[in-house]
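Engineer: Input start-v9.cif, format and content: mmCIF, C-alpha atoms and all ligand atoms.
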```cif
data_run
#
loop_
_atom_site.label_atom_id
_atom_site.label_comp_id
_atom_site.auth_asym_id
_atom_site.auth_seq_id
_atom_site.Cartn_x
_atom_site.Cartn_y
_atom_site.Cartn_z
CA MET D 1 -21.27 -0.12 11.20
CA VAL D 2 -18.69 2.25 9.70
CA TYR D 3 -17.91 5.05 12.07
CA VAL D 4 -16.15 7.30 9.55
CA THR D 5 -17.56 10.82 9.82
CA GLY D 6 -15.44 12.40 7.10
CA PHE D 7 -11.97 13.06 5.72
CA LYS D 8 -9.68 15.95 6.64
CA CYS D 9 -6.91 17.30 4.41
CA PHE D 10 -3.39 17.04 5.79
CA ARG D 11 -2.29 20.29 4.16
CA CYS D 12 -5.16 22.78 3.98
CA GLY D 13 -7.27 21.23 6.75
CA ARG D 14 -10.43 21.18 4.62
CA LYS D 15 -13.08 18.72 5.82
CA HIS D 16 -14.84 16.48 3.33
CA LYS D 17 -17.97 14.35 3.78
CA PRO D 18 -17.32 10.60 3.27
CA HIS D 19 -19.08 10.45 -0.14
CA GLU D 20 -17.07 13.43 -1.44
CA ILE D 21 -13.88 11.39 -1.13
CA GLU D 22 -15.05 7.76 -1.40
CA ARG D 23 -16.15 7.83 -5.00
CA LEU D 24 -13.23 9.82 -6.39
CA PRO D 25 -10.97 7.85 -8.74
CA ILE D 26 -8.01 9.38 -6.86
CA PRO D 27 -9.14 9.98 -3.27
CA ARG D 28 -7.46 13.21 -2.21
CA CYS D 29 -8.21 16.88 -1.47
CA GLU D 30 -8.67 19.50 -4.22
CA CYS D 31 -5.40 21.05 -3.07
CA GLY D 32 -3.63 17.84 -4.09
CA SER D 33 -2.79 16.59 -0.61
CA ALA D 34 -3.63 13.28 1.07
CA VAL D 35 -6.63 13.18 3.42
CA ASP D 36 -7.18 11.42 6.73
CA ALA D 37 -10.31 9.54 7.85
CA GLU D 38 -12.04 10.84 10.97
CA TYR D 39 -14.29 8.68 13.11
CA ASP D 40 -17.14 8.95 15.59
CA TYR D 41 -15.14 7.81 18.60
CA LYS D 42 -18.12 7.97 20.98
CA SER D 43 -19.89 5.25 18.99
CA ILE D 44 -16.71 3.19 18.72
CA LYS D 45 -16.33 3.39 22.48
CA LYS D 46 -19.83 1.98 22.89
CA VAL D 47 -19.36 -1.01 20.59
CA ILE D 48 -16.04 -2.08 22.03
CA LEU D 49 -16.93 -4.43 24.83
CA ARG D 50 -14.05 -3.34 26.94
CA ASP D 51 -13.20 -6.50 28.87
CA GLU D 52 -13.56 -8.75 25.87
CA PHE D 53 -11.58 -6.35 23.66
CA MET D 54 -8.77 -6.15 26.21
CA ARG D 55 -8.50 -9.92 26.57
CA THR D 56 -8.99 -11.51 23.15
CA PRO D 57 -5.72 -12.25 21.34
CA PRO D 58 -4.63 -9.71 18.69
CA THR D 59 -5.61 -10.28 15.06
CA HIS D 60 -5.93 -7.74 12.25
CA TRP D 61 -9.74 -7.75 12.13
CA LYS D 62 -10.14 -7.63 15.92
CA TYR D 63 -9.87 -3.85 15.49
CA TRP D 64 -12.62 -3.61 12.85
CA ALA D 65 -14.40 -0.75 14.66
CA PHE D 66 -11.47 1.51 13.71
CA MET D 67 -11.76 0.59 10.02
CA PRO D 68 -14.27 1.75 7.39
CA VAL D 69 -16.06 -1.55 6.74
CA LYS D 70 -19.78 -1.96 6.12
CA ASP D 71 -20.24 -5.70 6.35
CA LEU D 72 -17.75 -7.77 8.34
CA SER D 73 -18.91 -10.97 6.63
CA LYS D 74 -17.58 -9.58 3.32
CA CYS D 75 -14.04 -8.85 4.48
CA ILE D 76 -11.28 -10.38 2.39
CA THR D 77 -8.71 -11.81 4.75
CA MET D 78 -5.76 -14.17 4.38
CA GLY D 79 -4.73 -14.16 8.02
CA GLU D 80 -2.73 -10.92 7.90
CA GLY D 81 -1.50 -9.32 11.12
CA ALA D 82 -1.07 -11.00 14.51
CA THR D 83 2.68 -10.74 13.92
CA PRO D 84 5.11 -11.45 16.78
CA LEU D 85 6.71 -8.81 19.01
CA LEU D 86 10.14 -10.33 19.61
CA GLY D 87 12.29 -9.49 22.61
CA ASN D 88 15.96 -10.49 22.69
CA LYS D 89 18.44 -9.07 25.19
CA ARG D 90 21.35 -9.40 22.75
CA LEU D 91 19.79 -6.80 20.46
CA SER D 92 20.23 -3.87 22.83
CA LYS D 93 22.83 -2.38 25.14
CA THR D 94 20.73 0.65 26.07
CA GLY D 95 17.04 -0.19 26.48
CA ARG D 96 14.50 -2.97 26.17
CA VAL D 97 14.09 -3.41 22.44
CA LEU D 98 11.25 -5.35 20.86
CA ILE D 99 11.09 -6.21 17.17
CA LYS D 100 7.66 -6.15 15.52
CA TYR D 101 8.32 -8.82 12.90
CA GLU D 102 6.01 -8.09 9.97
CA ALA D 103 7.63 -10.73 7.75
CA THR D 104 5.13 -13.30 9.01
CA ASN D 105 2.30 -11.68 7.03
CA PRO D 106 0.99 -13.82 4.12
CA THR D 107 3.16 -12.12 1.46
CA GLY D 108 6.05 -11.26 3.78
CA SER D 109 5.44 -7.58 4.57
CA PHE D 110 3.08 -5.36 6.57
CA LYS D 111 1.50 -4.25 3.26
CA ASP D 112 -1.00 -7.14 3.66
CA ARG D 113 -2.83 -5.25 6.41
CA GLY D 114 -3.71 -2.41 4.04
CA SER D 115 -4.33 -4.77 1.12
CA SER D 116 -6.92 -6.72 3.10
CA LEU D 117 -8.95 -3.53 3.59
CA GLU D 118 -8.36 -2.15 0.07
CA ILE D 119 -9.54 -5.34 -1.62
CA THR D 120 -12.56 -5.40 0.69
CA LYS D 121 -13.36 -1.81 -0.45
CA ALA D 122 -12.78 -2.67 -4.14
CA LEU D 123 -15.44 -5.40 -3.86
CA GLU D 124 -17.80 -3.10 -1.94
CA PHE D 125 -17.50 -0.57 -4.81
CA LYS D 126 -18.07 -3.43 -7.31
CA LYS D 127 -14.78 -2.92 -9.18
CA HIS D 128 -13.31 -5.62 -11.44
CA ARG D 129 -9.70 -4.64 -11.32
CA VAL D 130 -7.18 -2.99 -8.99
CA ALA D 131 -4.22 -0.86 -10.07
CA VAL D 132 -1.20 -0.09 -7.92
CA ALA D 133 2.22 1.56 -8.26
CA SER D 134 4.84 -0.25 -6.22
CA THR D 135 8.55 -0.75 -5.71
CA GLY D 136 7.69 -4.41 -5.11
CA ASN D 137 6.12 -5.27 -1.78
CA MET D 138 2.81 -3.52 -2.20
CA GLY D 139 2.55 -4.94 -5.72
CA ALA D 140 3.17 -8.47 -4.45
CA SER D 141 0.64 -7.97 -1.68
CA MET D 142 -2.08 -6.52 -3.94
CA ALA D 143 -1.40 -9.22 -6.54
CA ALA D 144 -1.97 -11.94 -3.93
CA TYR D 145 -5.08 -10.39 -2.36
CA ALA D 146 -6.61 -9.56 -5.76
CA ALA D 147 -6.01 -13.13 -6.93
CA PHE D 148 -7.57 -14.45 -3.70
CA ALA D 149 -10.66 -12.30 -4.27
CA GLY D 150 -10.87 -13.12 -7.98
CA LEU D 151 -10.03 -9.60 -9.20
CA GLU D 152 -7.56 -8.58 -11.89
CA CYS D 153 -4.49 -6.67 -10.80
CA LYS D 154 -2.20 -4.25 -12.67
CA VAL D 155 1.12 -3.32 -11.05
CA PHE D 156 3.15 -0.31 -12.25
CA ILE D 157 6.78 -0.79 -11.24
CA PRO D 158 9.75 1.61 -11.43
CA ASP D 159 13.28 0.69 -12.61
CA ILE D 160 14.57 -0.19 -9.13
CA THR D 161 12.15 -3.08 -8.45
CA GLY D 162 14.12 -6.21 -7.54
CA LYS D 163 13.76 -9.45 -9.49
CA GLU D 164 12.54 -11.53 -6.54
CA LYS D 165 9.67 -9.10 -6.02
CA ILE D 166 8.82 -9.06 -9.73
CA ALA D 167 8.67 -12.86 -9.62
CA GLN D 168 6.40 -12.74 -6.57
CA ILE D 169 4.00 -10.37 -8.39
CA LYS D 170 4.06 -12.57 -11.53
CA ALA D 171 3.39 -15.74 -9.54
CA HIS D 172 -0.04 -14.39 -8.62
CA GLY D 173 -0.89 -13.67 -12.25
CA ALA D 174 -0.88 -9.87 -12.01
CA LYS D 175 -0.06 -7.80 -15.08
CA ILE D 176 3.21 -5.88 -14.71
CA ILE D 177 3.73 -2.51 -16.40
CA ALA D 178 7.42 -1.53 -16.28
CA VAL D 179 7.61 2.25 -16.03
CA LYS D 180 10.73 4.04 -17.23
CA GLY D 181 11.67 6.20 -14.27
CA ASP D 182 11.34 6.33 -10.50
CA TYR D 183 8.52 5.45 -8.12
CA ALA D 184 6.90 8.89 -8.52
CA ALA D 185 6.65 8.23 -12.28
CA ALA D 186 5.01 4.85 -11.59
CA ILE D 187 2.42 6.51 -9.32
CA LYS D 188 1.59 9.02 -12.05
CA GLN D 189 0.95 6.21 -14.55
CA ALA D 190 -1.21 4.20 -12.14
CA GLU D 191 -3.29 7.30 -11.39
CA ASP D 192 -3.66 8.13 -15.10
CA TYR D 193 -4.75 4.53 -15.69
CA VAL D 194 -7.67 4.65 -13.22
CA LEU D 195 -8.75 8.05 -14.53
CA SER D 196 -9.38 6.48 -17.92
CA ASN D 197 -10.60 3.05 -16.69
CA SER D 198 -13.56 3.53 -14.38
CA ASP D 199 -13.97 -0.19 -13.61
CA SER D 200 -10.55 -0.08 -11.91
CA PHE D 201 -9.88 0.73 -8.28
CA LEU D 202 -6.77 2.69 -7.37
CA THR D 203 -4.88 1.11 -4.49
CA GLY D 204 -1.74 2.27 -2.76
CA ASP D 205 -1.05 4.86 -0.12
CA TYR D 206 -4.51 6.43 -0.27
CA PRO D 207 -6.86 6.69 2.74
CA TRP D 208 -8.05 3.04 2.88
CA ARG D 209 -4.58 1.58 3.10
CA SER D 210 -3.66 3.72 6.04
CA GLU D 211 -6.84 2.67 7.89
CA GLY D 212 -5.87 -0.99 7.47
CA THR D 213 -2.24 -0.36 8.39
CA LYS D 214 -3.23 1.09 11.78
CA THR D 215 -3.61 -2.44 13.12
CA VAL D 216 0.21 -2.65 13.54
CA GLY D 217 -0.10 0.02 16.22
CA PHE D 218 -3.15 -1.57 17.88
CA GLU D 219 -1.33 -4.89 18.05
CA ILE D 220 1.79 -3.37 19.64
CA ALA D 221 -0.27 -1.87 22.47
CA ASP D 222 -2.30 -5.07 22.80
CA GLN D 223 0.83 -7.26 22.94
CA LEU D 224 2.25 -5.06 25.71
CA TYR D 225 -0.99 -5.63 27.69
CA TRP D 226 -2.07 -2.08 26.80
CA HIS D 227 1.09 -0.48 28.13
CA VAL D 228 2.40 2.12 25.70
CA PRO D 229 6.13 1.83 24.81
CA ASP D 230 8.43 4.85 25.17
CA TYR D 231 9.42 4.82 21.51
CA VAL D 232 8.26 3.25 18.27
CA VAL D 233 10.91 3.37 15.53
CA VAL D 234 9.62 3.16 11.97
CA PRO D 235 11.17 3.18 8.47
CA VAL D 236 9.67 5.90 6.27
CA GLY D 237 8.99 5.44 2.55
CA ASN D 238 5.70 7.06 1.61
CA GLY D 239 5.08 7.75 5.29
CA THR D 240 1.87 5.74 5.49
CA LEU D 241 3.15 3.19 7.99
CA ILE D 242 4.53 5.74 10.44
CA TYR D 243 1.40 7.87 10.32
CA SER D 244 -0.87 4.84 10.71
CA ILE D 245 1.00 3.73 13.83
CA TYR D 246 0.76 7.21 15.33
CA GLU D 247 -2.95 7.34 14.47
CA ALA D 248 -3.54 3.94 16.11
CA PHE D 249 -2.03 5.10 19.40
CA ARG D 250 -3.93 8.39 19.19
CA GLU D 251 -7.22 6.55 18.66
CA LEU D 252 -6.59 4.13 21.52
CA SER D 253 -6.10 7.10 23.83
CA LEU D 254 -9.19 8.85 22.42
CA VAL D 255 -11.39 5.89 23.34
CA GLY D 256 -9.77 5.69 26.76
CA ILE D 257 -7.95 2.36 26.40
CA THR D 258 -4.45 3.83 26.83
CA ASP D 259 -3.28 7.10 28.37
CA LYS D 260 -0.36 8.28 26.25
CA ILE D 261 1.23 8.22 22.82
CA PRO D 262 4.76 6.88 22.29
CA ARG D 263 7.46 9.08 20.78
CA ILE D 264 7.52 8.16 17.11
CA ILE D 265 10.93 8.02 15.44
CA GLY D 266 11.05 8.10 11.63
CA VAL D 267 14.11 6.66 9.90
CA GLN D 268 15.16 7.16 6.28
CA VAL D 269 18.31 6.38 4.31
CA GLU D 270 20.75 9.17 3.42
CA ASN D 271 20.07 9.11 -0.32
CA CYS D 272 16.31 9.33 0.11
CA ALA D 273 15.49 11.42 3.17
CA PRO D 274 12.91 14.06 2.18
CA VAL D 275 11.02 13.70 5.49
CA VAL D 276 14.19 13.88 7.61
CA ASN D 277 15.26 16.99 5.65
CA ALA D 278 11.91 18.68 6.30
CA TRP D 279 12.03 17.78 9.99
CA GLU D 280 15.60 19.03 10.45
CA ASN D 281 14.85 22.31 8.69
CA GLY D 282 11.47 22.86 10.35
CA LEU D 283 9.67 22.95 6.97
CA SER D 284 5.94 22.44 6.44
CA GLU D 285 6.40 21.14 2.88
CA ILE D 286 8.31 18.12 1.60
CA ILE D 287 10.97 18.85 -1.01
CA PRO D 288 11.12 15.82 -3.34
CA VAL D 289 14.34 13.90 -3.95
CA PRO D 290 14.48 12.96 -7.66
CA ASP D 291 15.56 9.46 -8.69
CA PRO D 292 16.69 8.22 -5.28
CA ASP D 293 19.54 5.72 -5.25
CA THR D 294 19.61 3.31 -2.29
CA ILE D 295 19.74 -0.40 -1.57
CA ALA D 296 16.67 0.11 0.65
CA THR D 297 14.36 -0.06 -2.37
CA ALA D 298 11.14 -0.50 -0.36
CA ILE D 299 11.56 3.01 1.06
CA ALA D 300 12.94 4.71 -2.07
CA CYS D 301 10.02 7.15 -2.26
CA GLY D 302 11.51 10.49 -3.32
CA ASP D 303 8.15 12.31 -3.25
CA PRO D 304 6.30 10.59 -0.40
CA ILE D 305 2.48 10.61 -0.68
CA ASP D 306 2.07 10.77 3.10
CA GLY D 307 5.16 12.88 3.76
CA LEU D 308 3.21 15.60 5.61
CA ALA D 309 1.41 12.94 7.63
CA ALA D 310 4.77 11.41 8.59
CA LEU D 311 6.00 14.82 9.75
CA ARG D 312 2.89 15.27 11.85
CA ALA D 313 3.36 11.86 13.51
CA ILE D 314 6.95 12.75 14.40
CA ARG D 315 6.22 16.30 15.59
CA ASP D 316 2.98 15.71 17.48
CA SER D 317 4.35 12.71 19.35
CA GLY D 318 7.53 14.53 20.42
CA GLY D 319 9.67 12.15 18.38
CA CYS D 320 12.43 12.83 15.89
CA ALA D 321 13.68 11.90 12.42
CA VAL D 322 16.95 10.07 11.83
CA ARG D 323 18.99 9.25 8.75
CA VAL D 324 21.15 6.16 8.39
CA SER D 325 23.50 5.12 5.61
CA ASP D 326 22.97 2.14 3.34
CA SER D 327 25.86 0.39 5.07
CA GLU D 328 24.38 1.03 8.54
CA ALA D 329 21.11 -0.48 7.29
CA LEU D 330 22.95 -3.53 5.96
CA SER D 331 24.89 -4.08 9.17
CA ALA D 332 21.62 -3.77 11.15
CA ARG D 333 20.17 -6.38 8.78
CA ASP D 334 23.13 -8.68 9.50
CA ILE D 335 22.87 -8.27 13.29
CA LEU D 336 19.16 -9.08 13.23
CA ALA D 337 19.78 -12.08 10.97
CA ARG D 338 22.57 -13.42 13.23
CA ASN D 339 20.02 -13.29 16.03
CA GLY D 340 17.46 -15.25 14.05
CA ILE D 341 15.39 -12.39 12.63
CA PHE D 342 15.65 -12.17 8.83
CA VAL D 343 14.57 -8.94 7.12
CA GLU D 344 15.22 -7.22 3.81
CA PRO D 345 17.45 -4.08 3.94
CA SER D 346 14.49 -1.67 4.29
CA GLY D 347 13.20 -3.87 7.10
CA ALA D 348 16.38 -3.21 9.12
CA VAL D 349 16.37 0.58 8.79
CA ALA D 350 14.37 1.14 12.01
CA TYR D 351 16.74 -1.04 14.02
CA ALA D 352 19.70 0.84 12.46
CA GLY D 353 18.08 4.11 13.61
CA PHE D 354 17.56 2.70 17.09
CA MET D 355 21.26 1.78 17.39
CA LYS D 356 22.34 5.18 16.11
CA LYS D 357 20.17 7.09 18.62
CA GLU D 358 21.02 4.74 21.53
CA LEU D 359 17.45 4.98 22.82
CA SER D 360 16.60 3.77 26.31
CA GLY D 361 13.31 2.66 27.87
CA THR D 362 10.96 0.32 26.03
CA VAL D 363 11.54 0.63 22.30
CA VAL D 364 9.63 -1.12 19.53
CA CYS D 365 11.38 -1.31 16.14
CA LEU D 366 9.39 -2.16 13.04
CA ALA D 367 10.93 -4.97 10.97
CA THR D 368 8.80 -4.51 7.89
CA GLY D 369 9.68 -7.07 5.20
CA HIS D 370 11.03 -10.63 4.96
CA GLY D 371 14.73 -11.23 4.28
CA LEU D 372 13.93 -13.68 1.49
CA LYS D 373 12.44 -10.82 -0.56
CA ASP D 374 15.79 -9.09 -1.13
CA MET D 375 19.03 -10.79 -0.11
CA TYR D 376 21.28 -7.93 -1.20
CA GLY D 377 24.94 -8.62 -0.44
CA ILE D 378 24.44 -12.04 1.12
CA VAL D 379 26.77 -14.53 -0.58
C1 LIG Y 1 6.39 -0.20 2.22
C2 LIG Y 1 7.56 -0.55 3.05
C3 LIG Y 1 8.14 0.37 3.94
C4 LIG Y 1 7.71 1.81 4.06
O1 LIG Y 1 6.36 2.03 4.37
P1 LIG Y 1 5.63 3.38 3.93
O2 LIG Y 1 4.24 3.21 4.36
O3 LIG Y 1 5.79 3.51 2.44
O4 LIG Y 1 6.35 4.50 4.64
C5 LIG Y 1 9.19 -0.06 4.74
N1 LIG Y 1 9.68 -1.32 4.63
C6 LIG Y 1 9.16 -2.23 3.79
C7 LIG Y 1 9.75 -3.59 3.73
C8 LIG Y 1 8.08 -1.87 2.96
O5 LIG Y 1 7.58 -2.79 2.12
#
```
Translate the structure described by the file into structure tokens.
Ligand SMILES: *Cc1c(COP(=O)(O)O)cnc(C)c1O
Structural biologist:
Amino acid sequence: MVYVTGFKCFRCGRKHKPHEIERLPIPRCECGSAVDAEYDYKSIKKVILRDEFMRTPPTHWKYWAFMPVKDLSKCITMGEGATPLLGNKRLSKTGRVLIKYEATNPTGSFKDRGSSLEITKALEFKKHRVAVASTGNMGASMAAYAAFAGLECKVFIPDITGKEKIAQIKAHGAKIIAVKGDYAAAIKQAEDYVLSNSDSFLTGDYPWRSEGTKTVGFEIADQLYWHVPDYVVVPVGNGTLIYSIYEAFRELSLVGITDKIPRIIGVQVENCAPVVNAWENGLSEIIPVPDPDTIATAIACGDPIDGLAALRAIRDSGGCAVRVSDSEALSARDILARNGIFVEPSGAVAYAGFMKKELSGTVVCLATGHGLKDMYGIV
């Protein structure tokens, strides 16, 4: 199995053979940019038994053919994915809005989809320990999946990490390293750590995670009976989620299951909007925002690892980028909560963007993390 044919650089376009990237301590291109897995779609097309694939209920590992796994019996899974797509007429005056509620994942955010694959890869590469830089949710997710698989976990956290998320990481027995500085500083320390500890596996927004995160997109199409929505609205931190969703829809159309790609809308908060800035100014580079200050801590990524990938998803799908204020994100959080759907502030950013743009047609908004993780301003 494994239909990965290679990895292509997002910036310089250089193609790498799988082994040239897979065994690197930090899997990226020589030019410093993130890389994207490419697959042999003809073979995937052959193994997907079309009728059965179309009809079986969505689960994360249903889409294994689009993930780089060697042995399905060795996958580490805690029942991630298969999250609900919630429709509620009160949530929209303009279109038909559906909320993809990722809070029902085992640790309360969509990060579990990528963690399931990353831990599976860590075991395949016979590593003893995983290291990750995180503003909280990815750390909690890796800590849980590492503990489940019997691996050690080290989490590098920046100043802004909330206390509930720190507690969640600690509960799973992971070692926390508090980094003085922002998320970019935490990433640097995690990367330095794996460079000098070869028994450790670097996890985070590197190629494996994105491959696992694609299943959000597959599920959306699947839950709409393989009809593609007009828009998918996504919060952007590192940009991995938005790119993975775009990639999922692109792959479904490549294998002939669907016939179009939705417009992908990326939403960031005013104080941390490097991708929106690049989109508005037509740039092909991301200009980092140092030390971002926002209540949407899960997307406070001033120098997003997959920033160029996020831009590509927005541009190539004919979408757009939107900025919302912290207070718009909080009021979106409150509206969702009053209608039964509880998310943390970052989890409401997509819905805030949807309201601001007054989109019509069928619109899917990503609600990325559980409200219990960060109850900012609720008294
Ligand atoms: C990680 C995260 C995001 C952003 O995802 P990226 O892949 O970093 O763009 C948004 N919301 C929540 C709750 C998250 O945990």
Engineer: Within 8 Å of Thr297 in chain D, counting all atoms listed in the file, which residues qualify if same-chain residues fewer than 4 places away don't, as a ChimeraX atom specification?
Structural biologist: /D:135,160-161,346
Engineer: Would you export the selected residues with C-alpha atoms as a short mmCIF file (atom, residue, chain, number, x, y, z; two decimals), keeping the file's coordinate frame, please?
Structural biologist:
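Final output, again_19.cif:
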```
data_model
loop_
_atom_site.label_atom_id
_atom_site.label_comp_id
_atom_site.auth_asym_id
_atom_site.auth_seq_id
_atom_site.Cartn_x
_atom_site.Cartn_y
_atom_site.Cartn_z
CA THR D 135 8.55 -0.75 -5.71
CA ILE D 160 14.57 -0.19 -9.13
CA THR D 161 12.15 -3.08 -8.45
CA SER D 346 14.49 -1.67 4.29
#
```
Engineer: With only C-alpha atoms and all ligand atoms as the atoms that count, which of D:Gly237, D:Pro27, D:Pro84, D:Gly139 lies nearest to ligand LIG 1 (chain Y)?
Structural biologist: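 The shortest atom-to-atom distance to ligand LIG 1 (chain Y) comes from D:Gly237.
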Engineer: Would you mind listing what lies within 7 Å of Leu151 in chain D as JSON, numbers by chain, with only C-alpha atoms counted and same-chain residues fewer than 5 positions away left out?
Structural biologist: {"D": [128, 129, 146]}
Engineer: Measuring between all atoms listed in the file, which one of D:Asp112, D:Glu20, D:Glu52, D:Asp326 shows the shortest distance to ligand LIG 1 (chain Y)?
Structural biologist: D:Asp112
Engineer: Using only C-alpha atoms for the distances, tell me which of D:Val255, D:Ile220, D:Ile335, D:Leu195 is nearest to Gly81 in chain D.
Structural biologist: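 Between D:Val255, D:Ile220, D:Ile335, D:Leu195, the residue approaching Gly81 in chain D most closely is D:Ile220.
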Engineer: Compute the distance from (-5.6, 5.0, 12.8) to each atom, counting only C-alpha atoms, keep the residues with any atom at most 10 Å away, and return them as a ChimeraX atom specification; use the coordinates of the file.
Structural biologist: /D:36-39,66-67,210-218,243-252
Engineer: So how many Å separate CA of Gly181 in chain D and CA of Pro290 in chain D, to one decimal?
Structural biologist: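 Spanning CA of Gly181 in chain D to CA of Pro290 in chain D is a straight-line distance of 9.9 Å.
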Engineer: Need to verify the contact set: Glu219 in chain D, 12 Å, only C-alpha atoms, exclusion of same-chain residues closer than 5 positions in sequence. Can you return it as a ChimeraX atom specification?
Structural biologist: /D:53-54,56-63,80-85,100-102,113,213-214,224-228,245,248-249,252,364
Engineer: Using all atoms listed in the file, what are the residues with an atom within 8 Å of ligand LIG 1 (chain Y), set out as an MDAnalysis selection string?
Structural biologist: chainID D and resid 109:111 136:138 205 234:242 298:299 301 304 306 343:347 367:370
Engineer: Take every atom of range 159-163 of chain D listed in the file, pad by 8 Å on each side, and give me the axis-aligned box centre and edge lengths in Å, one decimal, as JSON.
Structural biologist:
```
{"center_x": 13.4, "center_y": -4.4, "center_z": -10.1, "size_x": 18.4, "size_y": 26.1, "size_z": 21.1}
```
Engineer: What's the 10 Å shell around Glu270 in chain D, counting all atoms listed in the file, without same-chain residues fewer than 3 positions away, as a count of residues only?
Structural biologist: 13
Engineer: Using all atoms listed in the file, find the one residue out of D:Ile261, D:Leu308, D:Ala131, D:Ala171 that sits nearest to Ala278 in chain D.
Structural biologist: D:Leu308
